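Scroll down for the structure; my scribbles are underneath it.
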6 protein chains.
Amino acid sequence: MIVPNITPEFNQDVYRIFERIKDADTEVDVCNIGEPGALYLTQKYDVVWSGLSVLQAAEQAERNGYDGVFIYCALDPARTALREALNIPVVSMFEAALHITAALGDHFSVICPMGSRGAREELIHLYRMDAKFVSVEFFDLGVGGLSDAEGSYKIIARAAQDAVGKGADSLIFGCGAMMGVAKRLSVELGIPVVEPGPVAFKLLEAMIGLGLKHSKVTYRNPIRHDNEERNK
Amino acid sequence: MIVPNITPEFNQDVYRIFERIKDADTEVDVCNIGEPGALYLTQKYDVVWSGLSVLQAAEQAERNGYDGVFIYCALDPARTALREALNIPVVSMFEAALHITAALGDHFSVICPMGSRGAREELIHLYRMDAKFVSVEFFDLGVGGLSDAEGSYKIIARAAQDAVGKGADSLIFGCGAMMGVAKRLSVELGIPVVEPGPVAFKLLEAMIGLGLKHSKVTYRNPIRHDNEERNK
Amino acid sequence: MIVPNITPEFNQDVYRIFERIKDADTEVDVCNIGEPGALYLTQKYDVVWSGLSVLQAAEQAERNGYDGVFIYCALDPARTALREALNIPVVSMFEAALHITAALGDHFSVICPMGSRGAREELIHLYRMDAKFVSVEFFDLGVGGLSDAEGSYKIIARAAQDAVGKGADSLIFGCGAMMGVAKRLSVELGIPVVEPGPVAFKLLEAMIGLGLKHSKVTYRNPIRHDNEERNK
Amino acid sequence: MIVPNITPEFNQDVYRIFERIKDADTEVDVCNIGEPGALYLTQKYDVVWSGLSVLQAAEQAERNGYDGVFIYCALDPARTALREALNIPVVSMFEAALHITAALGDHFSVICPMGSRGAREELIHLYRMDAKFVSVEFFDLGVGGLSDAEGSYKIIARAAQDAVGKGADSLIFGCGAMMGVAKRLSVELGIPVVEPGPVAFKLLEAMIGLGLKHSKVTYRNPIRHDNEERNK
Amino acid sequence: MIVPNITPEFNQDVYRIFERIKDADTEVDVCNIGEPGALYLTQKYDVVWSGLSVLQAAEQAERNGYDGVFIYCALDPARTALREALNIPVVSMFEAALHITAALGDHFSVICPMGSRGAREELIHLYRMDAKFVSVEFFDLGVGGLSDAEGSYKIIARAAQDAVGKGADSLIFGCGAMMGVAKRLSVELGIPVVEPGPVAFKLLEAMIGLGLKHSKVTYRNPIRHDNEERNK
Amino acid sequence: MIVPNITPEFNQDVYRIFERIKDADTEVDVCNIGEPGALYLTQKYDVVWSGLSVLQAAEQAERNGYDGVFIYCALDPARTALREALNIPVVSMFEAALHITAALGDHFSVICPMGSRGAREELIHLYRMDAKFVSVEFFDLGVGGLSDAEGSYKIIARAAQDAVGKGADSLIFGCGAMMGVAKRLSVELGIPVVEPGPVAFKLLEAMIGLGLKHSKVTYRNPIRHDNEERNK
């Protein structure tokens, strides 16, 4: 479980989510990445800043004997490179959750805080999900907006209603920090609202349990660039 | 857990699969459907024969208090009607497994016993999975072919190799009766091979656990046609 | 000519349409289906309820020596199964009319009474018509609304204008009960408005006359499930 | 009925086809075009050579009081311009026949004599038929090859079998000169084989009978360029 | 450099644009076409009127020893026929500029004076650019509107803002007569605004310099129809 | 001009190409990147390794007053992040060259040395070029294979012929190191063969000359993560 930010501030929150929903015999460790890296990931620029550190942390996790790696970020940093580098299952959070969202309806929208529309659309397009894609709806909580939970909820709900107005029949959050509002929103709007972390995590558990992992034909193993390997 | 055939002959096999992989606190019941219905489902004609019986069995399951319904058939009989009729999660096996397969690679093929190519392609197209679809590969075990396990495996493996030759980097079985060969095939070919039942079942468990279900906007509740309802 | 409702109430209306436009030497018989079946077909749930009865009625028609079968319903119940089962031409009304509508413009919308948006979109997608599809526009005549012809027309016309506002350059009705308004609407809007029944019927006549029928490669003949066949 | 070649050599053949299949009360006249124009149309270069003459002949036909215009050529010369210029129904032969072919199966191929692959693909793409398109198969009858009917048939049949081998479940001829072989080929291959002229002609009759024509929103009337109009 | 109108009125303007931006050692000649042809090209009808004259002028240019041909019109008259006929590079202005526009963003709109929406969409579709296409926005300068430069600019800017409101992140002009407003519009809207002529012209220079030209496999050489050739 | 490898070994070769084709008044500087970075870029793993160093070198170039940045690598490292970060034109070599290749034909293939098929397909898909994409053809020169120029050419030519056999009418090289074989291959195969560097470079010159750059709406400026910025 890797959080691709350079501060440990989200680690506890993330751990608490997964502790509650994990299978009895699953063990979860959460870590953040070191420098270089981004404080928050909101666009492709940040993804490039955090990419290599994510990759190296994941390779370290494999060497440490973990059964699978989970990247807790809705911009899926280093997604394809991770699939090339690792021989254990690796789940990029948004991709996995998007597939499960797509199985619940015919028209999904993405709800997320201000950031790059292009970066989200690139992922949806890369995962071949355009045919069910309606829109990305951004909301703006301003500085410190998250302290007022009810106010924040209303701002998020307005973005969600905009999506429904455009024809969305299901929603997915485009940010890992939107915890604890999905259920209420789902009840009020009468449609599925997917918080990507938990559902993607259950998919990783299922993959490990069933012995499934990504294809090594499309994502073939690379020649490593770290010094150890290069000096051989 | 509904097996959409009119004989109980597969019920035990299906039950055994799920008993092994289910969460500790999940309870599974398996039943077949009554008449009218098909003995085996290999094309759309069979789907129409079994459709109404599947729908009625699922509605009965909801009335009986089950948390979710699983249709154990790779032709996904009555898929959209079930989503309209039920207010509990319902998983059509092939659709769910296809989404998870698509998350493992970029190019999948379907491997299944002789039957209608059109019926498979209709499902793949309906689920908007064409962009990653390579081919349907049929194999023919002949009459009683399943008794010779090694011979059967070789015939299936040949179909799988044909798929790889066409560019597939991942495989999904297009039939619920192909149990116990996925793992060996995956190791020998070096690519993911998805047996749809188990992975779709784990997705249903996750959906129930996380409170997710299909969208009732796109799949709105119908006016029921059975006599009880109609006479009200 | 099969009307897939369980009451004979539409049979006369349907017969009158086709009598007026049929070729001199075409003979038309209209029948409804028996139970199980839906009173009206507005979503996939109804399609599953009527599916098997439609299939059996069509198979009976082929045994009785008819040259072709026409399913008078815009939800095209049992469409693929009929193509598998029959060796005479079978026309599913909406599919046939949609192809002809698509030949008249570049952007079509579907106009129909309240019902499932998902069910319509599934058909359009199944027939690979997405590239020219603009929208489904629903109207609501309320209970008994059809008695006031002028009021009904205005409600339909408003839905049609919504479609034009979204870029539609041609319209097709998504319901077989919308008789007698296409021509007026077409003149007032200045675009083609297709009532699916007549044009699909002329296509069936042409197919019979020219010896054309659907492909038996994609829609291969099934092993029949009715008792007669199964006991052999 | 306009044959877009500058010689009258095909007029009689074309007339004979339509005389046999036309409705009792349909009157058909066949004419070729004047110079400038192509002797035979096999690629876009020829289409540009014949385009203006086709357009002027069709405008003349409308002024002469005809109810509809049919362009007997599988390269559909001046197709969009004709729809702009005329206020009576105009059928471009390949487009109309392609829609009807697409209604018979899921995967069609085009069979035609040597010529430009790009020109055929442009039409299929323009008509948004890519999703069901398998291949264009060319055959080469050589100089004078048409005199030996049996030999010609075998060469055409080989191209058709190539298409079936690639997955085609239905065929359409991509040339108006391939008369009288469709039925035999259809029986031998067991799939629909569409000779475009007759079926497109029946569609034009149906359009005239039902009062349908192409959309004047997308194909809006032009300002005419001929001297008469320009001098006003 | 061919201007596909029958009057020389634009020749000087066009020449001045290219003189300013051309490489030092490029020589440019501008000519219009003779009759038959259109005064202005705004829809497919005009394209058919000018097509053959454009084709003949281009063939003449090749015979005269020019290194490349540029068709100065955003409706790309005779585009495919020119590629078949010529063995020197030929650039259809809108196609070339559209590819370069598509390289600058993810969502482009076309801005152009009143004319046929269908004709523009046909080109965008033909060039396989639908995936990045947002809308065609028309503006209406009325009769003589171009004399008031500031008023004209405001009308064009309003159409451009409509496009941005629909999600466009880049614009391309759909008419060769919209000279000298792109830069101001680009600064004010903060997005790329492409005047198709100059950028397409630089591409032609690059093609000639690097020895690139269109594929003669897809655009194979025709048998010529002019009298000289036909009499051989 | 940035070469995204950590050694300067290609700098001279790259410089020589561009010196020959550049405009008289263009100044070109070539540099490689520092650590961390990849020795050679053949798959996404390498792209992640070089990504941040490419981004920082490009930002430095902008600060140094360059008019534009060119990334000399066919895997287009950091492509979207560069567009976000820079306010001067930036050309990712493969993307730019692909658009120009697509303007020359209807069906292109990519020819490149052994590497990841998935990485190439991701780019083609990201740039919305699937509709014209035929295949990626890999060749294997083995260790030191490049020393025998004629042998290398034959191996490349075989891969190119495979592409033509699959229907390609134009080719693009998927690697910046394949210098000096495009012209010969083009003549022998009779189709356009695009070496991506030169044509993409001419496009950058044109963009700078005409004042064009990528859209800052889709690629909005990021909050910078380097220490300097972060400490403000």
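By order of appearance in the structure tokens: chains A, B, ..., then residues from 1 within every chain, and ligands from 1 in the order shown.
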Exercise for the section: Tell me, as a VMD selection string, which residues lie within 7 Å of stretch 92-99 of chain D, counting only C-alpha atoms; anything in the same chain fewer than 6 positions away does not count. Expected result: (chain C and resid 99 to 100 103) or (chain D and resid 70 to 76 79 127 196 to 197 199 to 200)
Go ahead and dump the residues you just picked, all heavy atoms, as a tab-separated table (two decimals), in the first residue's frame.
```tsv
chain	number	residue	atom	x	y	z
C	99	HIS	N	-31.95	1.32	-39.58
C	99	HIS	CA	-31.01	1.34	-40.69
C	99	HIS	C	-31.50	2.27	-41.80
C	99	HIS	O	-30.71	2.99	-42.41
C	99	HIS	CB	-30.81	-0.08	-41.24
C	99	HIS	CG	-29.74	-0.82	-40.52
C	99	HIS	ND1	-28.41	-0.55	-40.69
C	99	HIS	CD2	-29.81	-1.78	-39.58
C	99	HIS	CE1	-27.69	-1.34	-39.91
C	99	HIS	NE2	-28.51	-2.10	-39.23
C	100	ILE	N	-32.79	2.28	-42.01
C	100	ILE	CA	-33.32	3.13	-43.08
C	100	ILE	C	-33.30	4.59	-42.64
C	100	ILE	O	-32.98	5.48	-43.43
C	100	ILE	CB	-34.71	2.62	-43.51
C	100	ILE	CG1	-34.51	1.30	-44.26
C	100	ILE	CG2	-35.43	3.65	-44.37
C	100	ILE	CD1	-35.75	0.48	-44.44
C	103	ALA	N	-29.97	6.04	-43.16
C	103	ALA	CA	-29.64	6.33	-44.55
C	103	ALA	C	-30.18	7.68	-45.00
C	103	ALA	O	-29.87	8.16	-46.09
C	103	ALA	CB	-30.18	5.22	-45.46
D	70	PHE	N	-32.17	7.62	-58.81
D	70	PHE	CA	-31.36	6.49	-58.40
D	70	PHE	C	-30.04	6.57	-59.16
D	70	PHE	O	-30.04	6.65	-60.38
D	70	PHE	CB	-32.10	5.20	-58.75
D	70	PHE	CG	-31.45	3.94	-58.23
D	70	PHE	CD1	-31.94	3.32	-57.09
D	70	PHE	CD2	-30.35	3.37	-58.88
D	70	PHE	CE1	-31.35	2.15	-56.60
D	70	PHE	CE2	-29.75	2.22	-58.40
D	70	PHE	CZ	-30.26	1.60	-57.25
D	71	ILE	N	-28.91	6.57	-58.43
D	71	ILE	CA	-27.60	6.62	-59.09
D	71	ILE	C	-27.04	5.22	-59.13
D	71	ILE	O	-26.64	4.67	-58.10
D	71	ILE	CB	-26.65	7.58	-58.35
D	71	ILE	CG1	-27.30	8.93	-58.10
D	71	ILE	CG2	-25.33	7.72	-59.11
D	71	ILE	CD1	-27.73	9.68	-59.34
D	72	TYR	N	-26.98	4.65	-60.32
D	72	TYR	CA	-26.56	3.25	-60.46
D	72	TYR	C	-25.03	3.15	-60.52
D	72	TYR	O	-24.45	2.95	-61.59
D	72	TYR	CB	-27.19	2.62	-61.71
D	72	TYR	CG	-27.04	1.12	-61.70
D	72	TYR	CD1	-27.98	0.33	-61.07
D	72	TYR	CD2	-25.93	0.51	-62.27
D	72	TYR	CE1	-27.83	-1.05	-61.02
D	72	TYR	CE2	-25.77	-0.87	-62.22
D	72	TYR	CZ	-26.71	-1.63	-61.59
D	72	TYR	OH	-26.56	-3.00	-61.53
D	73	CYS	N	-24.38	3.27	-59.39
D	73	CYS	CA	-22.92	3.11	-59.34
D	73	CYS	C	-22.54	2.88	-57.89
D	73	CYS	O	-22.99	3.59	-56.99
D	73	CYS	CB	-22.22	4.37	-59.85
D	73	CYS	SG	-20.43	4.29	-59.61
D	74	ALA	N	-21.66	1.91	-57.66
D	74	ALA	CA	-21.30	1.55	-56.28
D	74	ALA	C	-20.26	2.49	-55.68
D	74	ALA	O	-19.85	2.29	-54.55
D	74	ALA	CB	-20.80	0.11	-56.24
D	75	LEU	N	-19.82	3.52	-56.40
D	75	LEU	CA	-18.93	4.50	-55.80
D	75	LEU	C	-19.69	5.76	-55.37
D	75	LEU	O	-19.09	6.73	-54.93
D	75	LEU	CB	-17.76	4.85	-56.73
D	75	LEU	CG	-16.66	3.78	-56.75
D	75	LEU	CD1	-15.65	4.09	-57.85
D	75	LEU	CD2	-15.94	3.71	-55.40
D	76	ASP	N	-21.00	5.73	-55.54
D	76	ASP	CA	-21.88	6.80	-55.07
D	76	ASP	C	-21.38	8.20	-55.43
D	76	ASP	O	-21.22	9.07	-54.56
D	76	ASP	CB	-22.07	6.70	-53.54
D	76	ASP	CG	-22.87	5.45	-53.12
D	76	ASP	OD1	-23.38	4.76	-54.02
D	76	ASP	OD2	-22.98	5.19	-51.92
D	79	ARG	N	-22.65	12.04	-54.03
D	79	ARG	CA	-23.69	11.63	-53.07
D	79	ARG	C	-24.21	12.78	-52.20
D	79	ARG	O	-25.40	13.05	-52.16
D	79	ARG	CB	-23.12	10.51	-52.20
D	79	ARG	CG	-24.04	10.03	-51.12
D	79	ARG	CD	-23.63	10.62	-49.77
D	79	ARG	NE	-24.39	10.06	-48.68
D	79	ARG	CZ	-24.41	10.61	-47.45
D	79	ARG	NH1	-23.70	11.69	-47.19
D	79	ARG	NH2	-25.13	10.08	-46.51
D	127	TYR	N	-20.26	6.38	-44.19
D	127	TYR	CA	-21.60	5.92	-43.80
D	127	TYR	C	-21.62	5.35	-42.39
D	127	TYR	O	-22.62	4.79	-41.97
D	127	TYR	CB	-22.13	4.90	-44.81
D	127	TYR	CG	-22.12	5.39	-46.24
D	127	TYR	CD1	-21.91	4.53	-47.31
D	127	TYR	CD2	-22.31	6.75	-46.54
D	127	TYR	CE1	-21.89	4.99	-48.62
D	127	TYR	CE2	-22.28	7.20	-47.85
D	127	TYR	CZ	-22.07	6.32	-48.88
D	127	TYR	OH	-22.04	6.78	-50.18
D	196	PRO	N	-26.21	-4.85	-54.96
D	196	PRO	CA	-26.73	-3.61	-54.39
D	196	PRO	C	-27.88	-2.96	-55.16
D	196	PRO	O	-28.76	-2.35	-54.56
D	196	PRO	CB	-25.50	-2.69	-54.36
D	196	PRO	CG	-24.52	-3.29	-55.30
D	196	PRO	CD	-24.79	-4.75	-55.34
D	197	GLY	N	-27.88	-3.11	-56.50
D	197	GLY	CA	-28.89	-2.41	-57.28
D	197	GLY	C	-30.33	-2.72	-56.88
D	197	GLY	O	-31.09	-1.83	-56.50
D	199	VAL	N	-31.86	-4.14	-54.27
D	199	VAL	CA	-32.34	-3.86	-52.92
D	199	VAL	C	-32.38	-2.34	-52.68
D	199	VAL	O	-33.30	-1.82	-52.03
D	199	VAL	CB	-31.48	-4.63	-51.89
D	199	VAL	CG1	-30.19	-3.93	-51.59
D	199	VAL	CG2	-32.26	-4.87	-50.61
D	200	ALA	N	-31.43	-1.62	-53.25
D	200	ALA	CA	-31.46	-0.16	-53.11
D	200	ALA	C	-32.65	0.41	-53.89
D	200	ALA	O	-33.27	1.39	-53.46
D	200	ALA	CB	-30.14	0.44	-53.63
```
Exercise for the section: Could you give me, as a list in words, the residues within 12 Å of C:Glu19, counting only C-alpha atoms and dropping anything in the same chain fewer than 2 positions from it? Expected result: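 The contact residues come out as Met1, Gln12, Asp13, Val14, Tyr15, Arg16, Ile17, Ile21, Lys22, Asp23, Ala24, Asp25, Thr26, Glu27, Val28, Asp29, Val30, Pro198, Phe201 and Lys202 of chain C.
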Practice task
Any chance you could list, as a PyMOL selection string, the residues in stretch 3-224 of chain D that come up helix (DSSP H, G or I) when DSSP is run on the backbone?
Solution key: chain D and resi 8-21+44-63+79-85+93-102+117-126+130-132+145-147+149-165+182-189+196-210
Exercise for the section: Do a neighbour search on stretch 59-65 of chain D at 8 Å with only C-alpha atoms, toss out local chain neighbours closer than 2 positions, and write the hits as a ChimeraX atom specification. Expected result: /D:55-57,67-69,85-88
For the structure I just gave you, how does DSSP split chain E - specifically, which residues are strand (DSSP E)? Reply as a PDB file with N, CA, C and O atoms, in the first residue's frame.
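Dumped to result39.pdb:
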```pdb
ATOM      1  N   ILE E   2      -3.337  26.422 -55.652  1.00  0.00           N
ATOM      2  CA  ILE E   2      -4.539  26.570 -56.469  1.00  0.00           C
ATOM      3  C   ILE E   2      -5.683  27.059 -55.587  1.00  0.00           C
ATOM      4  O   ILE E   2      -5.970  26.470 -54.545  1.00  0.00           O
ATOM      5  N   VAL E   3      -6.311  28.133 -56.013  1.00  0.00           N
ATOM      6  CA  VAL E   3      -7.500  28.630 -55.334  1.00  0.00           C
ATOM      7  C   VAL E   3      -8.702  28.124 -56.122  1.00  0.00           C
ATOM      8  O   VAL E   3      -8.835  28.471 -57.295  1.00  0.00           O
ATOM      9  N   CYS E  31      -2.911  30.545 -58.605  1.00  0.00           N
ATOM     10  CA  CYS E  31      -3.847  30.678 -59.722  1.00  0.00           C
ATOM     11  C   CYS E  31      -5.241  30.267 -59.272  1.00  0.00           C
ATOM     12  O   CYS E  31      -5.396  29.525 -58.310  1.00  0.00           O
ATOM     13  N   ASN E  32      -6.241  30.764 -59.949  1.00  0.00           N
ATOM     14  CA  ASN E  32      -7.603  30.278 -59.696  1.00  0.00           C
ATOM     15  C   ASN E  32      -7.947  29.258 -60.772  1.00  0.00           C
ATOM     16  O   ASN E  32      -7.128  28.974 -61.657  1.00  0.00           O
ATOM     17  N   VAL E  69       1.739  20.815 -54.793  1.00  0.00           N
ATOM     18  CA  VAL E  69       0.495  21.533 -55.065  1.00  0.00           C
ATOM     19  C   VAL E  69      -0.222  21.779 -53.747  1.00  0.00           C
ATOM     20  O   VAL E  69      -0.252  20.903 -52.876  1.00  0.00           O
ATOM     21  N   PHE E  70      -0.782  22.956 -53.609  1.00  0.00           N
ATOM     22  CA  PHE E  70      -1.503  23.350 -52.396  1.00  0.00           C
ATOM     23  C   PHE E  70      -2.883  23.805 -52.824  1.00  0.00           C
ATOM     24  O   PHE E  70      -3.009  24.678 -53.678  1.00  0.00           O
ATOM     25  N   ILE E  71      -3.932  23.216 -52.235  1.00  0.00           N
ATOM     26  CA  ILE E  71      -5.299  23.622 -52.595  1.00  0.00           C
ATOM     27  C   ILE E  71      -5.812  24.546 -51.505  1.00  0.00           C
ATOM     28  O   ILE E  71      -6.094  24.107 -50.390  1.00  0.00           O
ATOM     29  N   VAL E  90       0.764  16.761 -52.577  1.00  0.00           N
ATOM     30  CA  VAL E  90      -0.384  17.650 -52.696  1.00  0.00           C
ATOM     31  C   VAL E  90      -0.979  17.806 -51.296  1.00  0.00           C
ATOM     32  O   VAL E  90      -1.216  16.819 -50.598  1.00  0.00           O
ATOM     33  N   VAL E  91      -1.168  19.035 -50.892  1.00  0.00           N
ATOM     34  CA  VAL E  91      -1.712  19.302 -49.562  1.00  0.00           C
ATOM     35  C   VAL E  91      -3.105  19.902 -49.683  1.00  0.00           C
ATOM     36  O   VAL E  91      -3.288  20.942 -50.319  1.00  0.00           O
ATOM     37  N   SER E  92      -4.084  19.185 -49.110  1.00  0.00           N
ATOM     38  CA  SER E  92      -5.424  19.743 -48.967  1.00  0.00           C
ATOM     39  C   SER E  92      -5.423  20.517 -47.655  1.00  0.00           C
ATOM     40  O   SER E  92      -5.152  19.946 -46.593  1.00  0.00           O
ATOM     41  N   PHE E 108     -10.908  20.076 -30.248  1.00  0.00           N
ATOM     42  CA  PHE E 108     -10.943  21.251 -31.130  1.00  0.00           C
ATOM     43  C   PHE E 108     -12.361  21.521 -31.655  1.00  0.00           C
ATOM     44  O   PHE E 108     -13.163  20.604 -31.777  1.00  0.00           O
ATOM     45  N   SER E 109     -12.630  22.783 -31.947  1.00  0.00           N
ATOM     46  CA  SER E 109     -13.844  23.173 -32.660  1.00  0.00           C
ATOM     47  C   SER E 109     -13.456  23.876 -33.944  1.00  0.00           C
ATOM     48  O   SER E 109     -12.347  24.414 -34.055  1.00  0.00           O
ATOM     49  N   VAL E 110     -14.377  23.871 -34.896  1.00  0.00           N
ATOM     50  CA  VAL E 110     -14.179  24.562 -36.166  1.00  0.00           C
ATOM     51  C   VAL E 110     -15.039  25.825 -36.157  1.00  0.00           C
ATOM     52  O   VAL E 110     -16.208  25.763 -35.774  1.00  0.00           O
ATOM     53  N   ILE E 111     -14.463  26.949 -36.526  1.00  0.00           N
ATOM     54  CA  ILE E 111     -15.181  28.221 -36.597  1.00  0.00           C
ATOM     55  C   ILE E 111     -15.286  28.614 -38.060  1.00  0.00           C
ATOM     56  O   ILE E 111     -14.258  28.708 -38.736  1.00  0.00           O
ATOM     57  N   CYS E 112     -16.502  28.833 -38.564  1.00  0.00           N
ATOM     58  CA  CYS E 112     -16.572  29.227 -39.977  1.00  0.00           C
ATOM     59  C   CYS E 112     -17.860  29.954 -40.298  1.00  0.00           C
ATOM     60  O   CYS E 112     -18.826  29.883 -39.555  1.00  0.00           O
ATOM     61  N   PRO E 113     -17.865  30.675 -41.433  1.00  0.00           N
ATOM     62  CA  PRO E 113     -19.071  31.401 -41.831  1.00  0.00           C
ATOM     63  C   PRO E 113     -20.180  30.428 -42.211  1.00  0.00           C
ATOM     64  O   PRO E 113     -19.930  29.249 -42.473  1.00  0.00           O
ATOM     65  N   PHE E 133     -13.022  15.969 -31.757  1.00  0.00           N
ATOM     66  CA  PHE E 133     -13.912  16.976 -32.343  1.00  0.00           C
ATOM     67  C   PHE E 133     -15.014  17.386 -31.367  1.00  0.00           C
ATOM     68  O   PHE E 133     -15.701  16.540 -30.812  1.00  0.00           O
ATOM     69  N   VAL E 134     -15.166  18.680 -31.145  1.00  0.00           N
ATOM     70  CA  VAL E 134     -16.222  19.184 -30.265  1.00  0.00           C
ATOM     71  C   VAL E 134     -17.426  19.693 -31.044  1.00  0.00           C
ATOM     72  O   VAL E 134     -18.551  19.232 -30.840  1.00  0.00           O
ATOM     73  N   SER E 135     -17.232  20.640 -31.954  1.00  0.00           N
ATOM     74  CA  SER E 135     -18.373  21.256 -32.631  1.00  0.00           C
ATOM     75  C   SER E 135     -17.910  22.077 -33.824  1.00  0.00           C
ATOM     76  O   SER E 135     -16.742  22.433 -33.944  1.00  0.00           O
ATOM     77  N   VAL E 136     -18.841  22.339 -34.731  1.00  0.00           N
ATOM     78  CA  VAL E 136     -18.653  23.374 -35.750  1.00  0.00           C
ATOM     79  C   VAL E 136     -19.476  24.568 -35.307  1.00  0.00           C
ATOM     80  O   VAL E 136     -20.658  24.419 -35.000  1.00  0.00           O
ATOM     81  N   GLU E 137     -18.866  25.717 -35.202  1.00  0.00           N
ATOM     82  CA  GLU E 137     -19.601  26.926 -34.826  1.00  0.00           C
ATOM     83  C   GLU E 137     -19.656  27.860 -36.032  1.00  0.00           C
ATOM     84  O   GLU E 137     -18.621  28.245 -36.574  1.00  0.00           O
ATOM     85  N   PHE E 138     -20.877  28.185 -36.417  1.00  0.00           N
ATOM     86  CA  PHE E 138     -21.046  29.079 -37.562  1.00  0.00           C
ATOM     87  C   PHE E 138     -21.257  30.519 -37.095  1.00  0.00           C
ATOM     88  O   PHE E 138     -21.852  30.758 -36.040  1.00  0.00           O
ATOM     89  N   PHE E 139     -20.780  31.461 -37.866  1.00  0.00           N
ATOM     90  CA  PHE E 139     -21.126  32.865 -37.611  1.00  0.00           C
ATOM     91  C   PHE E 139     -21.675  33.444 -38.913  1.00  0.00           C
ATOM     92  O   PHE E 139     -21.452  32.909 -39.988  1.00  0.00           O
ATOM     93  N   SER E 170      -8.993  24.274 -28.303  1.00  0.00           N
ATOM     94  CA  SER E 170      -8.248  24.771 -29.460  1.00  0.00           C
ATOM     95  C   SER E 170      -9.246  24.969 -30.592  1.00  0.00           C
ATOM     96  O   SER E 170     -10.288  24.317 -30.632  1.00  0.00           O
ATOM     97  N   LEU E 171      -8.928  25.894 -31.496  1.00  0.00           N
ATOM     98  CA  LEU E 171      -9.844  26.241 -32.581  1.00  0.00           C
ATOM     99  C   LEU E 171      -9.119  26.190 -33.917  1.00  0.00           C
ATOM    100  O   LEU E 171      -7.933  26.474 -33.998  1.00  0.00           O
ATOM    101  N   ILE E 172      -9.877  25.848 -34.951  1.00  0.00           N
ATOM    102  CA  ILE E 172      -9.355  25.928 -36.313  1.00  0.00           C
ATOM    103  C   ILE E 172     -10.403  26.633 -37.153  1.00  0.00           C
ATOM    104  O   ILE E 172     -11.598  26.415 -36.960  1.00  0.00           O
ATOM    105  N   PHE E 173      -9.952  27.500 -38.044  1.00  0.00           N
ATOM    106  CA  PHE E 173     -10.896  28.180 -38.921  1.00  0.00           C
ATOM    107  C   PHE E 173     -11.296  27.239 -40.052  1.00  0.00           C
ATOM    108  O   PHE E 173     -10.456  26.529 -40.602  1.00  0.00           O
ATOM    109  N   VAL E 193      -5.373  29.099 -31.783  1.00  0.00           N
ATOM    110  CA  VAL E 193      -6.347  29.355 -32.849  1.00  0.00           C
ATOM    111  C   VAL E 193      -5.595  29.224 -34.167  1.00  0.00           C
ATOM    112  O   VAL E 193      -4.657  29.985 -34.416  1.00  0.00           O
ATOM    113  N   VAL E 194      -5.987  28.254 -34.970  1.00  0.00           N
ATOM    114  CA  VAL E 194      -5.214  27.911 -36.161  1.00  0.00           C
ATOM    115  C   VAL E 194      -5.882  28.448 -37.420  1.00  0.00           C
ATOM    116  O   VAL E 194      -7.019  28.084 -37.729  1.00  0.00           O
TER     117      VAL E 194
END
```
Practice task
Could you list the residues in chain C lying within 12 Å of chain E, using only C-alpha atoms, and format the result as a list in words?
Solution key: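 The contacting residues on chain C are Gly105, Asp106, His107, Ala131, Lys132, Lys166, Gly167, Ala168 and Asp169 of chain C.
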Exercise for the section: Mind checking which residues fall within 10 Å of A:Gln43, counting only C-alpha atoms, ignoring those fewer than 3 positions away in the same chain, and posting them as a list in words? Expected result: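 Non-adjacent residues within range: Tyr40, Asp46, Val47, Val48, Leu75, Met114, Gly115, Ser116, Arg117, Gly118, Ala119 and Arg120 of chain A; Thr80, Ala81, Glu84, Tyr219, Arg220, Asn221, Pro222 and Ile223 of chain F.
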Handout entry: Separation of atom CA of C:His214 from atom CA of D:Leu185 in Å
Key = 14.8 Å
Problem - D:Lys213 surroundings by only C-alpha atoms, 7 Å radius, close-in-sequence under 6 positions cut, as a PyMOL selection string - result: (chain C and resi 104+192) or (chain D and resi 88-89+207)
